[in-house]
file query14.cif (mmCIF, C-alpha atoms and all ligand atoms)
data_upload
#
loop_
_atom_site.group_PDB
_atom_site.id
_atom_site.type_symbol
_atom_site.label_atom_id
_atom_site.label_comp_id
_atom_site.auth_asym_id
_atom_site.auth_seq_id
_atom_site.Cartn_x
_atom_site.Cartn_y
_atom_site.Cartn_z
ATOM 1 C CA MET A 1 -13.829 -11.214 -38.729
ATOM 2 C CA LYS A 2 -14.913 -10.240 -35.185
ATOM 3 C CA ASN A 3 -13.335 -7.211 -33.502
ATOM 4 C CA PHE A 4 -11.852 -7.526 -30.058
ATOM 5 C CA THR A 5 -10.493 -5.281 -27.315
ATOM 6 C CA LEU A 6 -7.170 -6.524 -25.937
ATOM 7 C CA ILE A 7 -6.566 -5.693 -22.253
ATOM 8 C CA THR A 8 -3.251 -6.530 -20.590
ATOM 9 C CA GLY A 9 -3.138 -7.046 -16.830
ATOM 10 C CA ALA A 10 -6.850 -7.884 -16.767
ATOM 11 C CA SER A 11 -6.865 -10.391 -13.893
ATOM 12 C CA GLN A 12 -7.333 -7.894 -11.066
ATOM 13 C CA GLY A 13 -7.346 -4.239 -10.070
ATOM 14 C CA PHE A 14 -7.866 -1.578 -12.719
ATOM 15 C CA GLY A 15 -7.525 -3.993 -15.667
ATOM 16 C CA LYS A 16 -10.317 -6.204 -14.332
ATOM 17 C CA SER A 17 -12.573 -3.156 -13.839
ATOM 18 C CA LEU A 18 -11.871 -2.059 -17.426
ATOM 19 C CA ALA A 19 -12.710 -5.583 -18.674
ATOM 20 C CA ILE A 20 -16.066 -5.536 -16.854
ATOM 21 C CA GLU A 21 -16.920 -2.070 -18.211
ATOM 22 C CA TYR A 22 -16.088 -3.162 -21.770
ATOM 23 C CA ALA A 23 -18.129 -6.352 -21.316
ATOM 24 C CA LYS A 24 -21.116 -4.192 -20.310
ATOM 25 C CA LYS A 25 -20.682 -2.462 -23.677
ATOM 26 C CA GLU A 26 -20.802 -5.897 -25.351
ATOM 27 C CA MET A 27 -17.257 -5.683 -26.692
ATOM 28 C CA ASN A 28 -15.482 -8.995 -27.331
ATOM 29 C CA LEU A 29 -12.403 -9.297 -25.157
ATOM 30 C CA VAL A 30 -8.896 -10.758 -25.169
ATOM 31 C CA LEU A 31 -7.535 -10.744 -21.607
ATOM 32 C CA VAL A 32 -3.893 -11.267 -20.607
ATOM 33 C CA ALA A 33 -2.183 -11.684 -17.215
ATOM 34 C CA LEU A 34 0.371 -13.893 -15.519
ATOM 35 C CA PRO A 35 -0.369 -17.645 -15.177
ATOM 36 C CA ASN A 36 -2.780 -18.791 -12.428
ATOM 37 C CA SER A 37 -4.184 -15.328 -11.800
ATOM 38 C CA GLY A 38 -7.867 -16.215 -12.172
ATOM 39 C CA LEU A 39 -8.371 -15.285 -15.832
ATOM 40 C CA TYR A 40 -10.325 -18.499 -16.543
ATOM 41 C CA ALA A 41 -12.907 -17.677 -13.843
ATOM 42 C CA LEU A 42 -13.145 -14.040 -14.979
ATOM 43 C CA SER A 43 -13.631 -15.089 -18.626
ATOM 44 C CA GLU A 44 -16.384 -17.574 -17.688
ATOM 45 C CA PHE A 45 -18.108 -14.924 -15.570
ATOM 46 C CA LEU A 46 -18.026 -12.378 -18.404
ATOM 47 C CA LYS A 47 -19.220 -14.874 -21.040
ATOM 48 C CA SER A 48 -22.126 -16.060 -18.918
ATOM 49 C CA ASN A 49 -23.268 -12.553 -17.922
ATOM 50 C CA PHE A 50 -22.784 -10.674 -21.197
ATOM 51 C CA GLN A 51 -23.332 -11.625 -24.847
ATOM 52 C CA ILE A 52 -19.643 -11.536 -25.748
ATOM 53 C CA ASP A 53 -16.701 -13.724 -26.774
ATOM 54 C CA VAL A 54 -13.825 -13.761 -24.306
ATOM 55 C CA LEU A 55 -10.393 -15.312 -24.843
ATOM 56 C CA PHE A 56 -7.618 -15.276 -22.315
ATOM 57 C CA PHE A 57 -3.863 -15.858 -22.423
ATOM 58 C CA GLU A 58 -1.758 -16.477 -19.348
ATOM 59 C CA MET A 59 1.768 -15.282 -19.969
ATOM 60 C CA ASP A 60 4.550 -13.152 -18.571
ATOM 61 C CA LEU A 61 4.640 -10.035 -20.720
ATOM 62 C CA SER A 62 8.049 -8.931 -19.449
ATOM 63 C CA SER A 63 9.745 -10.688 -22.386
ATOM 64 C CA LYS A 64 9.736 -9.835 -26.081
ATOM 65 C CA THR A 65 9.376 -13.555 -26.923
ATOM 66 C CA ASN A 66 6.096 -13.766 -25.017
ATOM 67 C CA CYS A 67 4.733 -10.591 -26.625
ATOM 68 C CA MET A 68 5.456 -12.135 -30.040
ATOM 69 C CA ARG A 69 3.848 -15.423 -28.885
ATOM 70 C CA LEU A 70 0.758 -13.513 -27.790
ATOM 71 C CA TYR A 71 0.516 -11.767 -31.171
ATOM 72 C CA ARG A 72 0.858 -15.069 -33.083
ATOM 73 C CA ALA A 73 -1.666 -16.846 -30.828
ATOM 74 C CA ILE A 74 -4.226 -14.073 -31.428
ATOM 75 C CA LYS A 75 -3.672 -14.224 -35.197
ATOM 76 C CA GLU A 76 -3.962 -18.041 -35.219
ATOM 77 C CA LYS A 77 -7.423 -17.655 -33.660
ATOM 78 C CA GLY A 78 -8.408 -15.325 -36.532
ATOM 79 C CA ILE A 79 -8.915 -12.387 -34.159
ATOM 80 C CA SER A 80 -8.558 -8.737 -35.108
ATOM 81 C CA ILE A 81 -7.837 -6.090 -32.461
ATOM 82 C CA LYS A 82 -9.790 -2.812 -32.618
ATOM 83 C CA TYR A 83 -8.807 -1.423 -29.225
ATOM 84 C CA LEU A 84 -5.630 -2.092 -27.241
ATOM 85 C CA ILE A 85 -5.476 -1.221 -23.545
ATOM 86 C CA ASN A 86 -1.917 -1.329 -22.232
ATOM 87 C CA ASN A 87 -2.740 -1.647 -18.545
ATOM 88 C CA ALA A 88 -0.334 -4.322 -17.185
ATOM 89 C CA GLY A 89 2.122 -2.632 -14.902
ATOM 90 C CA MET A 90 4.555 -3.299 -12.102
ATOM 91 C CA LEU A 91 4.114 -0.876 -9.217
ATOM 92 C CA SER A 92 6.776 0.962 -7.205
ATOM 93 C CA LYS A 93 8.859 -0.799 -4.523
ATOM 94 C CA GLY A 94 10.346 1.768 -2.167
ATOM 95 C CA LEU A 95 13.775 3.359 -2.078
ATOM 96 C CA PHE A 96 15.993 2.903 -5.139
ATOM 97 C CA GLU A 97 19.020 1.819 -3.093
ATOM 98 C CA ASN A 98 16.991 -1.108 -1.730
ATOM 99 C CA MET A 99 15.506 -2.169 -5.051
ATOM 100 C CA ASN A 100 16.486 -5.460 -6.620
ATOM 101 C CA GLU A 101 17.831 -4.878 -10.132
ATOM 102 C CA ASP A 102 15.871 -7.818 -11.560
ATOM 103 C CA TYR A 103 12.697 -6.124 -10.295
ATOM 104 C CA PHE A 104 13.304 -2.750 -11.916
ATOM 105 C CA LEU A 105 14.532 -4.272 -15.182
ATOM 106 C CA ALA A 106 11.317 -6.330 -15.421
ATOM 107 C CA GLN A 107 9.359 -3.197 -14.416
ATOM 108 C CA ILE A 108 10.893 -1.250 -17.296
ATOM 109 C CA ASN A 109 10.035 -4.111 -19.667
ATOM 110 C CA VAL A 110 6.407 -4.474 -18.555
ATOM 111 C CA ASN A 111 5.706 -0.732 -18.194
ATOM 112 C CA VAL A 112 7.652 0.551 -21.211
ATOM 113 C CA ALA A 113 8.898 -2.065 -23.713
ATOM 114 C CA THR A 114 5.751 -4.234 -23.735
ATOM 115 C CA PRO A 115 3.160 -1.501 -24.450
ATOM 116 C CA THR A 116 5.452 -0.094 -27.143
ATOM 117 C CA LEU A 117 5.928 -3.490 -28.809
ATOM 118 C CA LEU A 118 2.237 -4.485 -28.607
ATOM 119 C CA THR A 119 1.266 -1.157 -30.171
ATOM 120 C CA LYS A 120 3.626 -1.872 -33.083
ATOM 121 C CA LEU A 121 2.585 -5.520 -33.518
ATOM 122 C CA PHE A 122 -1.136 -4.705 -33.824
ATOM 123 C CA MET A 123 -0.751 -1.612 -36.031
ATOM 124 C CA ASP A 124 -2.236 -3.325 -39.117
ATOM 125 C CA ASP A 125 -5.241 -4.391 -37.030
ATOM 126 C CA PHE A 126 -5.866 -0.817 -35.868
ATOM 127 C CA LYS A 127 -5.674 0.410 -39.480
ATOM 128 C CA GLU A 128 -8.082 -2.264 -40.772
ATOM 129 C CA ASN A 129 -10.560 -1.583 -37.939
ATOM 130 C CA ALA A 130 -10.412 2.226 -37.941
ATOM 131 C CA PRO A 131 -11.881 4.113 -36.222
ATOM 132 C CA SER A 132 -9.911 2.255 -33.569
ATOM 133 C CA GLY A 133 -7.792 3.141 -30.570
ATOM 134 C CA ILE A 134 -4.982 2.615 -28.089
ATOM 135 C CA LEU A 135 -5.328 3.463 -24.398
ATOM 136 C CA ASN A 136 -2.128 3.559 -22.356
ATOM 137 C CA VAL A 137 -2.349 3.444 -18.569
ATOM 138 C CA SER A 138 0.076 5.900 -17.008
ATOM 139 C CA SER A 139 -0.206 7.535 -13.579
ATOM 140 C CA MET A 140 -0.218 10.891 -11.783
ATOM 141 C CA ALA A 141 3.367 9.856 -10.937
ATOM 142 C CA SER A 142 4.259 10.792 -14.522
ATOM 143 C CA PHE A 143 3.793 14.491 -13.613
ATOM 144 C CA PHE A 144 5.139 14.593 -10.056
ATOM 145 C CA HIS A 145 8.649 13.516 -9.141
ATOM 146 C CA LEU A 146 8.056 11.455 -6.037
ATOM 147 C CA PRO A 147 10.561 9.661 -3.812
ATOM 148 C CA LYS A 148 10.029 5.873 -3.824
ATOM 149 C CA LYS A 149 8.533 6.135 -7.328
ATOM 150 C CA GLN A 150 11.752 6.834 -9.279
ATOM 151 C CA VAL A 151 11.751 4.022 -11.853
ATOM 152 C CA TYR A 152 7.955 3.715 -11.795
ATOM 153 C CA GLY A 153 7.461 7.456 -12.387
ATOM 154 C CA GLY A 154 10.047 7.369 -15.187
ATOM 155 C CA THR A 155 8.259 4.512 -16.961
ATOM 156 C CA LYS A 156 4.924 6.310 -16.677
ATOM 157 C CA ALA A 157 6.421 9.587 -17.971
ATOM 158 C CA TYR A 158 7.700 7.625 -20.987
ATOM 159 C CA LEU A 159 4.168 6.379 -21.693
ATOM 160 C CA LEU A 160 2.803 9.923 -21.509
ATOM 161 C CA SER A 161 5.365 11.241 -23.984
ATOM 162 C CA PHE A 162 5.089 8.210 -26.299
ATOM 163 C CA SER A 163 1.291 8.431 -26.396
ATOM 164 C CA LYS A 164 1.204 12.157 -27.127
ATOM 165 C CA SER A 165 3.615 11.834 -30.067
ATOM 166 C CA LEU A 166 1.982 8.708 -31.441
ATOM 167 C CA ARG A 167 -1.445 10.353 -31.263
ATOM 168 C CA LYS A 168 -0.282 12.967 -33.785
ATOM 169 C CA GLU A 169 1.151 10.313 -36.133
ATOM 170 C CA LEU A 170 -1.932 8.084 -36.055
ATOM 171 C CA LYS A 171 -4.633 10.754 -36.283
ATOM 172 C CA PRO A 172 -4.735 10.653 -40.129
ATOM 173 C CA HIS A 173 -5.376 6.893 -39.890
ATOM 174 C CA ARG A 174 -8.362 7.485 -37.531
ATOM 175 C CA ILE A 175 -6.557 5.632 -34.727
ATOM 176 C CA SER A 176 -7.121 7.480 -31.479
ATOM 177 C CA VAL A 177 -4.405 7.387 -28.795
ATOM 178 C CA SER A 178 -5.332 8.322 -25.220
ATOM 179 C CA ILE A 179 -3.464 8.169 -21.965
ATOM 180 C CA VAL A 180 -5.055 7.846 -18.540
ATOM 181 C CA CYS A 181 -3.210 9.103 -15.452
ATOM 182 C CA PRO A 182 -4.982 7.809 -12.347
ATOM 183 C CA GLY A 183 -3.949 8.895 -8.874
ATOM 184 C CA GLY A 184 -3.961 6.332 -6.073
ATOM 185 C CA MET A 185 -6.487 3.503 -6.467
ATOM 186 C CA ASN A 186 -7.573 0.835 -4.008
ATOM 187 C CA THR A 187 -6.528 -2.128 -6.151
ATOM 188 C CA THR A 188 -4.204 -4.544 -4.315
ATOM 189 C CA ILE A 189 -4.615 -5.374 -0.597
ATOM 190 C CA GLY A 190 -1.200 -3.786 0.040
ATOM 191 C CA LEU A 191 -2.297 -0.525 -1.578
ATOM 192 C CA CYS A 192 -5.594 -0.485 0.328
ATOM 193 C CA VAL A 193 -3.663 -0.730 3.625
ATOM 194 C CA GLN A 194 -1.076 1.845 2.497
ATOM 195 C CA ASN A 195 -3.763 4.283 1.296
ATOM 196 C CA ARG A 196 -5.553 4.218 4.657
ATOM 197 C CA LYS A 197 -2.369 5.481 6.335
ATOM 198 C CA LEU A 198 -2.059 8.551 4.093
ATOM 199 C CA ASP A 199 -2.632 12.086 5.361
ATOM 200 C CA TRP A 200 -6.145 13.531 4.989
ATOM 201 C CA VAL A 201 -5.471 15.470 1.757
ATOM 202 C CA SER A 202 -3.864 12.500 -0.017
ATOM 203 C CA ARG A 203 -6.666 10.178 1.144
ATOM 204 C CA GLN A 204 -9.224 12.385 -0.629
ATOM 205 C CA SER A 205 -7.567 11.601 -3.970
ATOM 206 C CA ILE A 206 -7.836 7.806 -3.621
ATOM 207 C CA MET A 207 -10.437 6.268 -5.923
ATOM 208 C CA ASN A 208 -11.941 2.847 -6.537
ATOM 209 C CA PRO A 209 -10.829 1.187 -9.776
ATOM 210 C CA GLU A 210 -14.488 0.654 -10.814
ATOM 211 C CA ASP A 211 -15.140 4.424 -10.787
ATOM 212 C CA VAL A 212 -11.862 5.190 -12.563
ATOM 213 C CA ALA A 213 -12.668 2.595 -15.251
ATOM 214 C CA LYS A 214 -16.093 4.169 -15.977
ATOM 215 C CA ILE A 215 -14.600 7.671 -16.299
ATOM 216 C CA THR A 216 -11.698 6.387 -18.398
ATOM 217 C CA ILE A 217 -13.818 4.556 -20.955
ATOM 218 C CA THR A 218 -16.229 7.474 -21.343
ATOM 219 C CA GLU A 219 -13.339 9.876 -21.987
ATOM 220 C CA PHE A 220 -11.487 7.393 -24.225
ATOM 221 C CA GLU A 221 -14.606 7.068 -26.377
ATOM 222 C CA LYS A 222 -14.706 10.863 -26.682
ATOM 223 C CA GLY A 223 -11.105 10.753 -27.943
ATOM 224 C CA LYS A 224 -9.646 12.741 -25.033
ATOM 225 C CA GLU A 225 -5.839 12.933 -25.145
ATOM 226 C CA VAL A 226 -4.926 12.939 -21.424
ATOM 227 C CA ILE A 227 -7.522 11.578 -18.986
ATOM 228 C CA ILE A 228 -7.190 12.690 -15.341
ATOM 229 C CA PRO A 229 -9.851 10.875 -13.299
ATOM 230 C CA GLY A 230 -11.396 12.610 -10.280
ATOM 231 C CA SER A 231 -11.746 16.217 -9.164
ATOM 232 C CA VAL A 232 -8.997 15.983 -6.505
ATOM 233 C CA ASN A 233 -6.442 14.809 -9.071
ATOM 234 C CA LYS A 234 -7.527 17.621 -11.409
ATOM 235 C CA THR A 235 -6.969 20.063 -8.514
ATOM 236 C CA PHE A 236 -3.448 18.637 -7.990
ATOM 237 C CA MET A 237 -2.738 19.338 -11.670
ATOM 238 C CA PHE A 238 -3.984 22.914 -11.293
ATOM 239 C CA LEU A 239 -1.822 23.471 -8.185
ATOM 240 C CA ASP A 240 1.153 22.008 -10.025
ATOM 241 C CA ALA A 241 0.707 24.641 -12.720
ATOM 242 C CA ILE A 242 0.511 27.605 -10.317
ATOM 243 C CA LEU A 243 2.695 26.770 -7.291
ATOM 244 C CA PRO A 244 6.371 27.807 -7.147
ATOM 245 C CA THR A 245 8.851 24.936 -7.678
ATOM 246 C CA ALA A 246 10.314 25.215 -4.144
ATOM 247 C CA ILE A 247 6.910 24.657 -2.503
ATOM 248 C CA LYS A 248 6.074 21.767 -4.823
ATOM 249 C CA SER A 249 9.409 20.137 -4.095
ATOM 250 C CA ARG A 250 8.819 20.370 -0.328
ATOM 251 C CA LEU A 251 5.314 18.888 -0.655
ATOM 252 C CA THR A 252 6.376 15.974 -2.872
ATOM 253 C CA SER A 253 9.442 15.199 -0.706
ATOM 254 C CA ASN A 254 7.070 14.605 2.227
ATOM 255 C CA ALA A 255 6.137 11.274 0.589
ATOM 256 C CA ILE A 256 9.410 9.844 1.855
HETATM 257 N N1 LIG A 301 -3.141 1.189 -8.126
HETATM 258 C C1 LIG A 301 -2.793 2.450 -8.261
HETATM 259 O O1 LIG A 301 -2.778 3.222 -7.267
HETATM 260 C C2 LIG A 301 -2.410 2.981 -9.604
HETATM 261 C C3 LIG A 301 -2.317 4.371 -9.775
HETATM 262 C C4 LIG A 301 -1.982 4.880 -11.010
HETATM 263 C C5 LIG A 301 -1.750 4.030 -12.079
HETATM 264 N N2 LIG A 301 -1.839 2.686 -11.898
HETATM 265 C C6 LIG A 301 -1.570 1.810 -13.052
HETATM 266 O O2 LIG A 301 -2.719 1.024 -13.331
HETATM 267 C C7 LIG A 301 -2.304 -0.222 -13.896
HETATM 268 C C8 LIG A 301 -2.936 -1.355 -13.113
HETATM 269 O O3 LIG A 301 -2.539 -1.230 -11.762
HETATM 270 P P1 LIG A 301 -3.244 -2.041 -10.588
HETATM 271 O O4 LIG A 301 -3.107 -1.243 -9.360
HETATM 272 O O5 LIG A 301 -4.561 -2.523 -11.039
HETATM 273 O O6 LIG A 301 -2.200 -3.240 -10.464
HETATM 274 P P2 LIG A 301 -2.411 -4.751 -10.030
HETATM 275 O O7 LIG A 301 -3.660 -4.913 -9.235
HETATM 276 O O8 LIG A 301 -1.105 -5.176 -9.468
HETATM 277 O O9 LIG A 301 -2.627 -5.448 -11.441
HETATM 278 C C9 LIG A 301 -1.603 -5.458 -12.379
HETATM 279 C C10 LIG A 301 -2.019 -6.334 -13.511
HETATM 280 O O10 LIG A 301 -0.904 -6.441 -14.411
HETATM 281 C C11 LIG A 301 -0.591 -7.808 -14.561
HETATM 282 N N3 LIG A 301 0.833 -8.005 -14.722
HETATM 283 C C12 LIG A 301 1.841 -7.554 -13.922
HETATM 284 N N4 LIG A 301 3.017 -7.988 -14.382
HETATM 285 C C13 LIG A 301 2.750 -8.724 -15.495
HETATM 286 C C14 LIG A 301 3.556 -9.445 -16.407
HETATM 287 N N5 LIG A 301 4.887 -9.510 -16.288
HETATM 288 N N6 LIG A 301 2.951 -10.102 -17.423
HETATM 289 C C15 LIG A 301 1.606 -10.069 -17.555
HETATM 290 N N7 LIG A 301 0.784 -9.403 -16.738
HETATM 291 C C16 LIG A 301 1.357 -8.737 -15.714
HETATM 292 C C17 LIG A 301 -1.069 -8.478 -13.282
HETATM 293 O O11 LIG A 301 -1.259 -9.870 -13.520
HETATM 294 P P3 LIG A 301 -1.321 -10.892 -12.272
HETATM 295 O O12 LIG A 301 -2.645 -10.712 -11.610
HETATM 296 O O13 LIG A 301 -1.200 -12.185 -12.938
HETATM 297 O O14 LIG A 301 -0.171 -10.547 -11.347
HETATM 298 C C18 LIG A 301 -2.365 -7.746 -13.054
HETATM 299 O O15 LIG A 301 -3.379 -8.255 -13.895
HETATM 300 C C19 LIG A 301 -0.780 -0.250 -13.839
HETATM 301 O O16 LIG A 301 -0.259 0.111 -15.100
HETATM 302 C C20 LIG A 301 -0.455 0.820 -12.806
HETATM 303 O O17 LIG A 301 0.812 1.387 -12.999
HETATM 304 C C21 LIG A 301 -2.185 2.132 -10.694
#
call {"tool": "encode", "arguments": {"input": "query14.cif", "output": "structure tokens"}}
result
Amino acid sequence: MKNFTLITGASQGFGKSLAIEYAKKEMNLVLVALPNSGLYALSEFLKSNFQIDVLFFEMDLSSKTNCMRLYRAIKEKGISIKYLINNAGMLSKGLFENMNEDYFLAQINVNVATPTLLTKLFMDDFKENAPSGILNVSSMASFFHLPKKQVYGGTKAYLLSFSKSLRKELKPHRISVSIVCPGGMNTTIGLCVQNRKLDWVSRQSIMNPEDVAKITITEFEKGKEVIIPGSVNKTFMFLDAILPTAIKSRLTSNAI
């Protein structure tokens, strides 16, 4: 049976960059994103440029039913998953008081429930294919408590905690669990515009998803627990460890 890497949210942004990097490594891929998001074109491009098999599934992963459907569809094709990359995510949407409840409930599903459920569903695959691995995509927002990123930051902090605990449980099975915490990336058009308006210091931390994907896969292969891409983000982590809480609170409140 052929081994595959399953990447959620692979149609654009960071997920697409991860898919291209894995294709360069000649890994067979299963890609998932919402319907009509260009997965067919991406799959054809990857198949014709690299010697790999690529399957894609267009579905909304905010529901448990669809996660189960995805699992069954993969099994019906006789595919075994060696690496799972839980990348699909819904980004932040401003002040909490203005947020639509349907949005943040779906956000919690996609960012928290779905990666947890997919990890559980494919556990037998990871065991059969060991050494194998799970990469969860969190964010620098999991460390810093930023206004306008309340629910988002909470979901990403969950992923950090979940991954660190699970890593200990799965180590004896030779299943590696890593978590990547990117800072700002120029992925969507909206984010590119927003990132250009940031102050000078914050702008220095913004990275391209292609560069973040290369760093992430290299570190994931080394079995690193928490991956912080880029020297500016690493500096933020260092400052977080040494600065007094009052100063940090003033700096992070500026984001409002
Ligand atoms: N961009 C940043 O600054 C940044 C920073 C730190 C961490 N991250 C994290 O990196 C990951 C990717 O972010 P990105 O900026 O690349 O986002 P993006 O460009 O908006 O891409 C998100 C991906 O997730 C998919 N997706 C969203 N909701 C889905 C759903 N309900 N069902 C199935 N697929 C769904 C999207 O599919 P469609 O194309 O079909 O919509 C898309 O492929 C996220 O987990 C995000 O939290 C991003």
call {"tool": "closest_residue", "arguments": {"input": "query14.cif", "among": "A:Val54, A:Leu118, A:Met237, A:Met27", "to": "Leu84 (chain A)", "atoms": "only C-alpha atoms"}}
result
A:Leu118
call {"tool": "axis_aligned_box", "arguments": {"input": "query14.cif", "around": "ligand LIG 301 (chain A)", "padding_each_side": "5 Å", "output": "lines of an AutoDock Vina configuration file"}}
result
center_x = 0.2
center_y = -3.7
center_z = -12.4
size_x = 19.4
size_y = 27.1
size_z = 20.3
call {"tool": "residues_near_ligand", "arguments": {"input": "query14.cif", "ligand": "ligand LIG 301 (chain A)", "cutoff": "7 Å", "atoms": "only C-alpha atoms and all ligand atoms", "output": "ChimeraX atom specification"}}
result
/A:8-15,32-37,59-62,87-91,110-111,137-140,181-188,191
call {"tool": "closest_residue", "arguments": {"input": "query14.cif", "among": "A:Ile74, A:Thr116, A:Asn233, A:Ile79", "to": "Gln204 (chain A)", "atoms": "all atoms listed in the file"}}
result
A:Asn233
call {"tool": "residues_around", "arguments": {"input": "query14.cif", "residues": "Lys47 (chain A)", "least_positions_apart": "6", "cutoff": "10 Å", "atoms": "only C-alpha atoms", "output": "PDB file with C-alpha atoms, keeping the file's coordinate frame"}}
result
ATOM      1  CA  ALA A  23     -18.129  -6.352 -21.316  1.00  0.00           C
ATOM      2  CA  ASN A  28     -15.482  -8.995 -27.331  1.00  0.00           C
ATOM      3  CA  LEU A  29     -12.403  -9.297 -25.157  1.00  0.00           C
ATOM      4  CA  ALA A  41     -12.907 -17.677 -13.843  1.00  0.00           C
ATOM      5  CA  ASP A  53     -16.701 -13.724 -26.774  1.00  0.00           C
ATOM      6  CA  VAL A  54     -13.825 -13.761 -24.306  1.00  0.00           C
ATOM      7  CA  LEU A  55     -10.393 -15.312 -24.843  1.00  0.00           C
TER       8      LEU A  55
END
call {"tool": "closest_residue", "arguments": {"input": "query14.cif", "among": "A:Thr235, A:Ser80, A:Ser142, A:Ser178", "to": "Glu219 (chain A)", "atoms": "only C-alpha atoms"}}
result
A:Ser178
call {"tool": "closest_residue", "arguments": {"input": "query14.cif", "among": "A:Ile179, A:Val232, A:Ala113, A:Val30", "to": "Ser202 (chain A)", "atoms": "all atoms listed in the file"}}
result
A:Val232
call {"tool": "closest_residue", "arguments": {"input": "query14.cif", "among": "A:Asn98, A:Phe4, A:Ser176, A:Leu198", "to": "Phe220 (chain A)", "atoms": "only C-alpha atoms"}}
result
A:Ser176
call {"tool": "atom_distance", "arguments": {"input": "query14.cif", "atom1": "CA of Leu70 (chain A)", "atom2": "CA of Ala106 (chain A)"}}
result
17.8 Å
call {"tool": "atom_distance", "arguments": {"input": "query14.cif", "atom1": "CA of Met207 (chain A)", "atom2": "CA of Gln194 (chain A)"}}
result
13.3 Å
call {"tool": "closest_residue", "arguments": {"input": "query14.cif", "among": "A:Val212, A:Arg196, A:Tyr83, A:Ile108", "to": "Gly153 (chain A)", "atoms": "all atoms listed in the file"}}
result
A:Ile108
call {"tool": "residues_around", "arguments": {"input": "query14.cif", "residues": "Lys75 (chain A)", "least_positions_apart": "3", "cutoff": "12 Å", "atoms": "only C-alpha atoms", "output": "PDB file with C-alpha atoms, in the coordinates of the input"}}
result
ATOM      1  CA  MET A   1     -13.829 -11.214 -38.729  1.00  0.00           C
ATOM      2  CA  LYS A   2     -14.913 -10.240 -35.185  1.00  0.00           C
ATOM      3  CA  PHE A   4     -11.852  -7.526 -30.058  1.00  0.00           C
ATOM      4  CA  VAL A  30      -8.896 -10.758 -25.169  1.00  0.00           C
ATOM      5  CA  MET A  68       5.456 -12.135 -30.040  1.00  0.00           C
ATOM      6  CA  ARG A  69       3.848 -15.423 -28.885  1.00  0.00           C
ATOM      7  CA  LEU A  70       0.758 -13.513 -27.790  1.00  0.00           C
ATOM      8  CA  TYR A  71       0.516 -11.767 -31.171  1.00  0.00           C
ATOM      9  CA  ARG A  72       0.858 -15.069 -33.083  1.00  0.00           C
ATOM     10  CA  GLY A  78      -8.408 -15.325 -36.532  1.00  0.00           C
ATOM     11  CA  ILE A  79      -8.915 -12.387 -34.159  1.00  0.00           C
ATOM     12  CA  SER A  80      -8.558  -8.737 -35.108  1.00  0.00           C
ATOM     13  CA  ILE A  81      -7.837  -6.090 -32.461  1.00  0.00           C
ATOM     14  CA  LEU A 121       2.585  -5.520 -33.518  1.00  0.00           C
ATOM     15  CA  PHE A 122      -1.136  -4.705 -33.824  1.00  0.00           C
ATOM     16  CA  ASP A 124      -2.236  -3.325 -39.117  1.00  0.00           C
ATOM     17  CA  ASP A 125      -5.241  -4.391 -37.030  1.00  0.00           C
TER      18      ASP A 125
END
call {"tool": "residues_around", "arguments": {"input": "query14.cif", "residues": "Leu95 (chain A)", "least_positions_apart": "5", "cutoff": "9 Å", "atoms": "all atoms listed in the file", "output": "list in words"}}
result
Pro147, Lys148, Lys149, Gln150 and Ile256 of chain A
call {"tool": "atom_distance", "arguments": {"input": "query14.cif", "atom1": "CA of Ser161 (chain A)", "atom2": "CA of Gln107 (chain A)"}}
result
17.8 Å
call {"tool": "resolve_selection", "arguments": {"input": "query14.cif", "expression": "the PyMOL selection byres (((chain A and resi 167) around 12) and not hetatm)", "output": "number ranges by chain"}}
result
A: 119, 132-136, 159-166, 168-179, 223-226
call {"tool": "resolve_selection", "arguments": {"input": "query14.cif", "expression": "the PyMOL selection byres (((chain A and resi 50) around 9) and not hetatm)", "output": "PyMOL selection string"}}
result
chain A and resi 23-26+45-49+51-53
